[in-house]
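Shown next: coords_16.csv, given as CSV, C-alpha atoms and all ligand atoms.
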```csv
chain,number,residue,atom,x,y,z
Y,1,MET,CA,12.7,-14.9,-0.9
Y,2,THR,CA,12.8,-12.5,2.0
Y,3,ILE,CA,9.9,-11.6,4.1
Y,4,ARG,CA,10.5,-8.0,5.3
Y,5,LYS,CA,9.2,-6.2,8.4
Y,6,ILE,CA,6.1,-4.1,7.8
Y,7,LEU,CA,6.2,-0.7,9.5
Y,8,THR,CA,3.1,0.1,11.5
Y,9,GLU,CA,1.4,3.3,12.6
Y,10,PRO,CA,2.5,5.4,14.5
Y,11,ASP,CA,5.8,5.5,12.7
Y,12,PRO,CA,7.1,8.8,11.2
Y,13,PHE,CA,8.8,6.9,8.4
Y,14,LEU,CA,5.4,6.0,7.0
Y,15,ARG,CA,4.6,9.7,6.6
Y,16,GLN,CA,7.4,10.6,4.2
Y,17,LYS,CA,7.0,11.1,0.5
Y,18,SER,CA,8.5,8.3,-1.7
Y,19,GLN,CA,11.0,9.1,-4.5
Y,20,ASP,CA,10.8,8.1,-8.2
Y,21,VAL,CA,12.8,5.1,-9.3
Y,22,SER,CA,15.5,6.3,-11.8
Y,23,LYS,CA,16.3,2.8,-13.2
Y,24,VAL,CA,14.4,-0.5,-13.1
Y,25,ASP,CA,17.2,-2.9,-12.4
Y,26,ASP,CA,17.7,-6.2,-10.5
Y,27,HIS,CA,17.9,-4.3,-7.2
Y,28,ILE,CA,14.3,-3.0,-7.8
Y,29,ARG,CA,13.1,-6.4,-9.0
Y,30,LYS,CA,14.5,-8.0,-5.8
Y,31,LEU,CA,12.7,-5.4,-3.8
Y,32,MET,CA,9.4,-6.2,-5.6
Y,33,ASP,CA,9.9,-9.9,-5.2
Y,34,ASP,CA,10.4,-9.4,-1.5
Y,35,MET,CA,7.4,-7.1,-1.2
Y,36,LEU,CA,5.2,-9.7,-2.9
Y,37,ASP,CA,6.4,-12.5,-0.5
Y,38,THR,CA,5.8,-10.1,2.4
Y,39,MET,CA,2.3,-9.2,1.2
Y,40,TYR,CA,1.3,-12.9,0.6
Y,41,ALA,CA,2.6,-13.9,4.1
Y,42,ALA,CA,0.8,-11.1,5.8
Y,43,PRO,CA,-1.7,-11.7,4.1
Y,44,GLY,CA,-2.7,-8.7,2.1
Y,45,ILE,CA,-3.8,-7.6,-1.4
Y,46,GLY,CA,-1.3,-4.7,-1.9
Y,47,LEU,CA,1.9,-3.2,-0.5
Y,48,ALA,CA,3.9,0.0,-1.1
Y,49,ALA,CA,7.7,0.0,-0.7
Y,50,ILE,CA,7.5,2.6,2.1
Y,51,GLN,CA,5.7,0.0,4.2
Y,52,VAL,CA,8.8,-2.1,4.3
Y,53,GLY,CA,11.0,1.0,5.0
Y,54,ILE,CA,12.0,1.8,1.4
Y,55,PRO,CA,10.9,5.3,0.3
Y,56,LYS,CA,10.7,4.5,-3.4
Y,57,ARG,CA,7.6,4.8,-5.7
Y,58,VAL,CA,7.0,1.0,-6.0
Y,59,ILE,CA,3.7,-0.9,-5.5
Y,60,VAL,CA,2.7,-4.5,-5.7
Y,61,ILE,CA,-0.9,-5.8,-5.9
Y,62,ASP,CA,-2.5,-9.2,-6.2
Y,63,LEU,CA,-6.3,-9.5,-6.1
Y,64,SER,CA,-6.5,-13.1,-7.3
Y,65,LYS,CA,-8.6,-15.4,-5.2
Y,66,GLU,CA,-7.6,-18.7,-6.7
Y,67,GLU,CA,-4.4,-20.7,-6.2
Y,68,GLU,CA,-2.9,-19.2,-9.3
Y,69,LYS,CA,-1.1,-15.9,-8.3
Y,70,LYS,CA,-1.5,-12.8,-10.5
Y,71,PRO,CA,0.9,-10.2,-9.3
Y,72,LEU,CA,0.8,-6.7,-10.6
Y,73,TYR,CA,3.9,-4.4,-10.3
Y,74,PHE,CA,3.7,-0.6,-10.5
Y,75,ILE,CA,6.8,1.6,-10.6
Y,76,ASN,CA,6.5,5.4,-10.7
Y,77,PRO,CA,2.7,5.2,-11.1
Y,78,LYS,CA,0.9,8.3,-12.0
Y,79,ILE,CA,-2.9,8.9,-12.0
Y,80,ILE,CA,-3.8,10.6,-15.2
Y,81,LEU,CA,-7.6,10.5,-14.8
Y,82,LYS,CA,-10.1,9.8,-12.0
Y,83,SER,CA,-13.8,9.3,-12.4
Y,84,ASN,CA,-16.3,11.8,-10.9
Y,85,SER,CA,-18.4,9.0,-9.4
Y,86,ASN,CA,-17.2,7.4,-6.1
Y,87,CYS,CA,-17.5,4.0,-4.5
Y,88,THR,CA,-17.1,2.8,-0.9
Y,89,TYR,CA,-15.0,-0.1,0.2
Y,90,GLU,CA,-14.2,-1.3,3.7
Y,91,GLU,CA,-10.4,-0.7,3.7
Y,92,GLY,CA,-7.7,-2.2,5.8
Y,93,CYS,CA,-4.0,-1.6,5.9
Y,94,LEU,CA,-1.1,-3.8,6.9
Y,95,SER,CA,0.5,-0.7,8.5
Y,96,VAL,CA,-2.7,-0.1,10.6
Y,97,PRO,CA,-3.2,-3.7,11.9
Y,98,GLY,CA,-6.7,-4.8,13.0
Y,99,GLN,CA,-8.4,-1.6,11.9
Y,100,PHE,CA,-11.0,-1.3,9.0
Y,101,ALA,CA,-13.1,1.6,7.8
Y,102,GLU,CA,-15.4,2.5,4.9
Y,103,ILE,CA,-13.6,4.9,2.6
Y,104,ASP,CA,-15.0,6.8,-0.4
Y,105,ARG,CA,-12.8,7.1,-3.5
Y,106,PRO,CA,-13.3,7.6,-7.2
Y,107,ASP,CA,-14.5,4.2,-8.6
Y,108,GLN,CA,-12.3,4.3,-11.7
Y,109,CYS,CA,-8.8,5.6,-12.4
Y,110,HIS,CA,-6.5,5.6,-15.4
Y,111,ILE,CA,-2.8,5.3,-14.5
Y,112,THR,CA,0.6,5.2,-16.3
Y,113,TYR,CA,3.5,3.3,-14.8
Y,114,LEU,CA,6.6,1.1,-15.5
Y,115,ASP,CA,6.2,-2.6,-15.2
Y,116,TYR,CA,8.6,-5.3,-13.8
Y,117,ASN,CA,10.8,-5.0,-16.8
Y,118,GLY,CA,10.8,-1.2,-16.9
Y,119,ALA,CA,8.4,-1.0,-19.9
Y,120,GLN,CA,6.0,1.9,-20.0
Y,121,GLN,CA,2.3,0.8,-19.4
Y,122,ASP,CA,-1.1,2.2,-18.9
Y,123,LEU,CA,-4.1,0.8,-17.2
Y,124,GLN,CA,-7.8,1.7,-16.8
Y,125,ALA,CA,-8.8,0.3,-13.4
Y,126,ASP,CA,-12.2,0.0,-11.7
Y,127,GLY,CA,-13.7,-1.7,-8.6
Y,128,LEU,CA,-11.4,-3.1,-6.0
Y,129,LEU,CA,-8.3,-2.7,-8.2
Y,130,ALA,CA,-9.0,1.1,-8.5
Y,131,THR,CA,-9.5,1.4,-4.8
Y,132,CYS,CA,-6.3,-0.6,-4.0
Y,133,ILE,CA,-4.2,1.4,-6.5
Y,134,GLN,CA,-5.4,4.7,-4.9
Y,135,HIS,CA,-4.8,3.3,-1.4
Y,136,GLU,CA,-1.3,2.2,-2.3
Y,137,MET,CA,-0.5,5.5,-4.2
Y,138,ASP,CA,-1.6,7.4,-1.0
Y,139,HIS,CA,1.2,5.5,0.8
Y,140,LEU,CA,3.7,7.0,-1.7
Y,141,GLU,CA,2.6,10.5,-0.4
Y,142,GLY,CA,2.7,9.5,3.2
Y,143,ILE,CA,-1.1,9.2,3.5
Y,144,LEU,CA,-2.9,6.4,5.4
Y,145,PHE,CA,-6.6,5.6,5.1
Y,146,ILE,CA,-7.2,6.7,8.7
Y,147,ASP,CA,-6.4,10.3,7.5
Y,148,TYR,CA,-9.8,10.3,5.8
Y,149,LEU,CA,-11.6,9.6,9.1
Y,150,SER,CA,-12.7,12.2,11.7
Y,151,LYS,CA,-10.0,13.5,14.0
Y,152,LEU,CA,-11.7,11.7,16.9
Y,153,LYS,CA,-11.7,8.3,15.2
Y,154,LYS,CA,-8.2,8.7,13.8
Y,155,ASN,CA,-6.7,9.7,17.1
Y,156,PHE,CA,-8.5,6.8,18.9
Y,157,ILE,CA,-6.9,4.4,16.4
Y,158,ILE,CA,-3.4,5.9,16.7
Y,159,LYS,CA,-3.6,5.8,20.5
Y,160,LYS,CA,-4.8,2.1,20.4
Y,161,LEU,CA,-1.9,1.1,18.1
Y,162,SER,CA,0.6,3.1,20.1
Y,163,LYS,CA,-0.5,1.2,23.3
Y,164,GLN,CA,-0.3,-2.1,21.5
Y,165,LYS,CA,3.2,-1.3,20.3
Y,166,LYS,CA,4.4,-0.4,23.8
Y,167,THR,CA,2.9,-3.6,25.2
Y,168,LEU,CA,4.6,-5.7,22.5
Y,169,GLU,CA,8.0,-3.9,23.1
Y,170,ARG,CA,7.8,-4.8,26.8
Y,171,ILE,CA,7.0,-8.5,26.0
Y,172,VAL,CA,10.0,-8.7,23.5
Y,173,ILE,CA,12.4,-7.1,26.0
X,1,LIG,O1,-1.4,-2.3,3.7
X,1,LIG,C1,-1.8,-2.2,2.5
X,1,LIG,O2,-1.7,-1.2,1.9
X,1,LIG,C2,-2.5,-3.5,2.0
X,1,LIG,C3,-4.0,-3.4,2.1
X,1,LIG,C4,-4.6,-3.0,0.8
X,1,LIG,C5,-6.0,-2.6,0.7
X,1,LIG,C6,-7.0,-3.4,1.3
X,1,LIG,C7,-8.3,-3.0,1.2
X,1,LIG,C8,-8.7,-1.9,0.4
X,1,LIG,C9,-7.7,-1.1,-0.1
X,1,LIG,C10,-6.3,-1.5,0.0
X,1,LIG,C11,-4.4,-4.8,2.5
X,1,LIG,O3,-4.2,-5.8,1.9
X,1,LIG,S1,-5.3,-5.0,4.0
X,1,LIG,C12,-5.7,-6.8,4.1
X,1,LIG,C13,-6.7,-7.2,3.2
X,1,LIG,O4,-7.5,-6.3,2.6
X,1,LIG,C14,-7.0,-8.6,2.8
X,1,LIG,C15,-6.2,-9.6,3.5
X,1,LIG,C16,-6.5,-10.9,3.2
X,1,LIG,C17,-7.4,-11.3,2.2
X,1,LIG,C18,-8.1,-10.3,1.6
X,1,LIG,C19,-7.9,-9.0,1.9
X,2,ZN,ZN,-2.1,0.4,3.4
```
Go ahead and render the structure in this file as structure tokens.
Amino acid sequence: MTIRKILTEPDPFLRQKSQDVSKVDDHIRKLMDDMLDTMYAAPGIGLAAIQVGIPKRVIVIDLSKEEEKKPLYFINPKIILKSNSNCTYEEGCLSVPGQFAEIDRPDQCHITYLDYNGAQQDLQADGLLATCIQHEMDHLEGILFIDYLSKLKKNFIIKKLSKQKKTLERIVI
């Protein structure tokens, strides 16, 4: 088990597009295991590989509230259908620490993906799972939830996080 460092905004690495996984092997499974441990430790309910500095199209999610963990693994996910109706959730992001905002997204989505063993799967998601999948799939395109806010709000958040980073760097040095 390895807890990896989560990149935080502003970081140009978070803005790059992730690449498809060509083969689901032990290297990818180790990455997903580490991502889950990193996500549980944070804590969070989802994580994309780019957030730990790996630009591959890999996502992990666990929405379970009880002791028993129910991890979901998505490799090369593709949205094949989104509902016309939207829902609003207050979203957070481990790469945008301490910031939350209400974001509107389609309330249902149908995706195809490869699972932990590389088998082709499809899933019809709604509610928080649909929101979380779309939030994580945005990461694969270099998009963060703050991109949906007004320029004023987004720039305010980025400035705040930038200042926090500089203060932390001074403390560490
Ligand atoms: O950084 C991420 O992408 C993870 C993010 C996922 C997410 C949250 C809310 C809506 C959409 C996507 C988080 O997990 S932020 C932390 C969080 O939501 C949470 C933390 C502890 C308990 C419950 C929720
Ligand atoms: Zn996020």
**Item:** Contacts with ligand LIG 1 (chain X) at most 10 Å, all atoms listed in the file counted, listed as a ChimeraX atom specification
**Value:** /Y:6-8,39-51,59-65,88-103,128-139,144-145
**Residue among Y:Lys165, Y:Arg170, Y:Lys56, Y:Lys151 lying closest to Asp11 of chain Y, counting only C-alpha atoms** = Y:Lys165
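When all atoms listed in the file are used to measure the gap to ligand ZN 2 (chain X), the shortest distance among Y:Val21, Y:Ile143, Y:Ile171, Y:Leu152 belongs to Y:Ile143.
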**Request:** Identify which of the residues Y:Leu14, Y:Met1, Y:Val24, Y:Ala119 lies closest to ligand ZN 2 (chain X), counting all atoms listed in the file when measuring atom-to-atom distances.
**Result:** Y:Leu14
**Request:** Would you please work out which residue, of Y:Ser150, Y:Gln19, Y:Gln124, Y:Thr167, is nearest to Leu81 of chain Y when using only C-alpha atoms?
**Result:** Y:Gln124
**Complete:** Judged by only C-alpha atoms and all ligand atoms, the minimum distance to ligand ZN 2 (chain X) among Y:Val58, Y:Leu31, Y:Leu123, Y:Ile146 is found for Y:Ile146
**Fill in**
Between atom CA of Lys5 of chain Y and atom CA of Asp33 of chain Y lies a distance of 14.1 Å
**Request:** Determine the nearest neighbour of ligand ZN 2 (chain X) from the options Y:Ile3, Y:Leu72, Y:Ile111, Y:Val52, counting all atoms listed in the file.
**Result:**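 Residue with the minimum atom-to-atom distance to ligand ZN 2 (chain X): Y:Val52.
Residues in contact range of segment 113-117 of chain Y, defined as at most 10 Å between all atoms listed in the file, with sequence neighbours fewer than 4 positions away removed, read Y:Val21, Y:Val24, Y:Asp25, Y:Asp26, Y:Ile28, Y:Arg29, Y:Met32, Y:Asp33, Y:Val58, Y:Leu72, Y:Tyr73, Y:Phe74, Y:Ile75, Y:Asn76, Y:Pro77, Y:Lys78, Y:Ile79, Y:Gln121, Y:Asp122, Y:Leu123.
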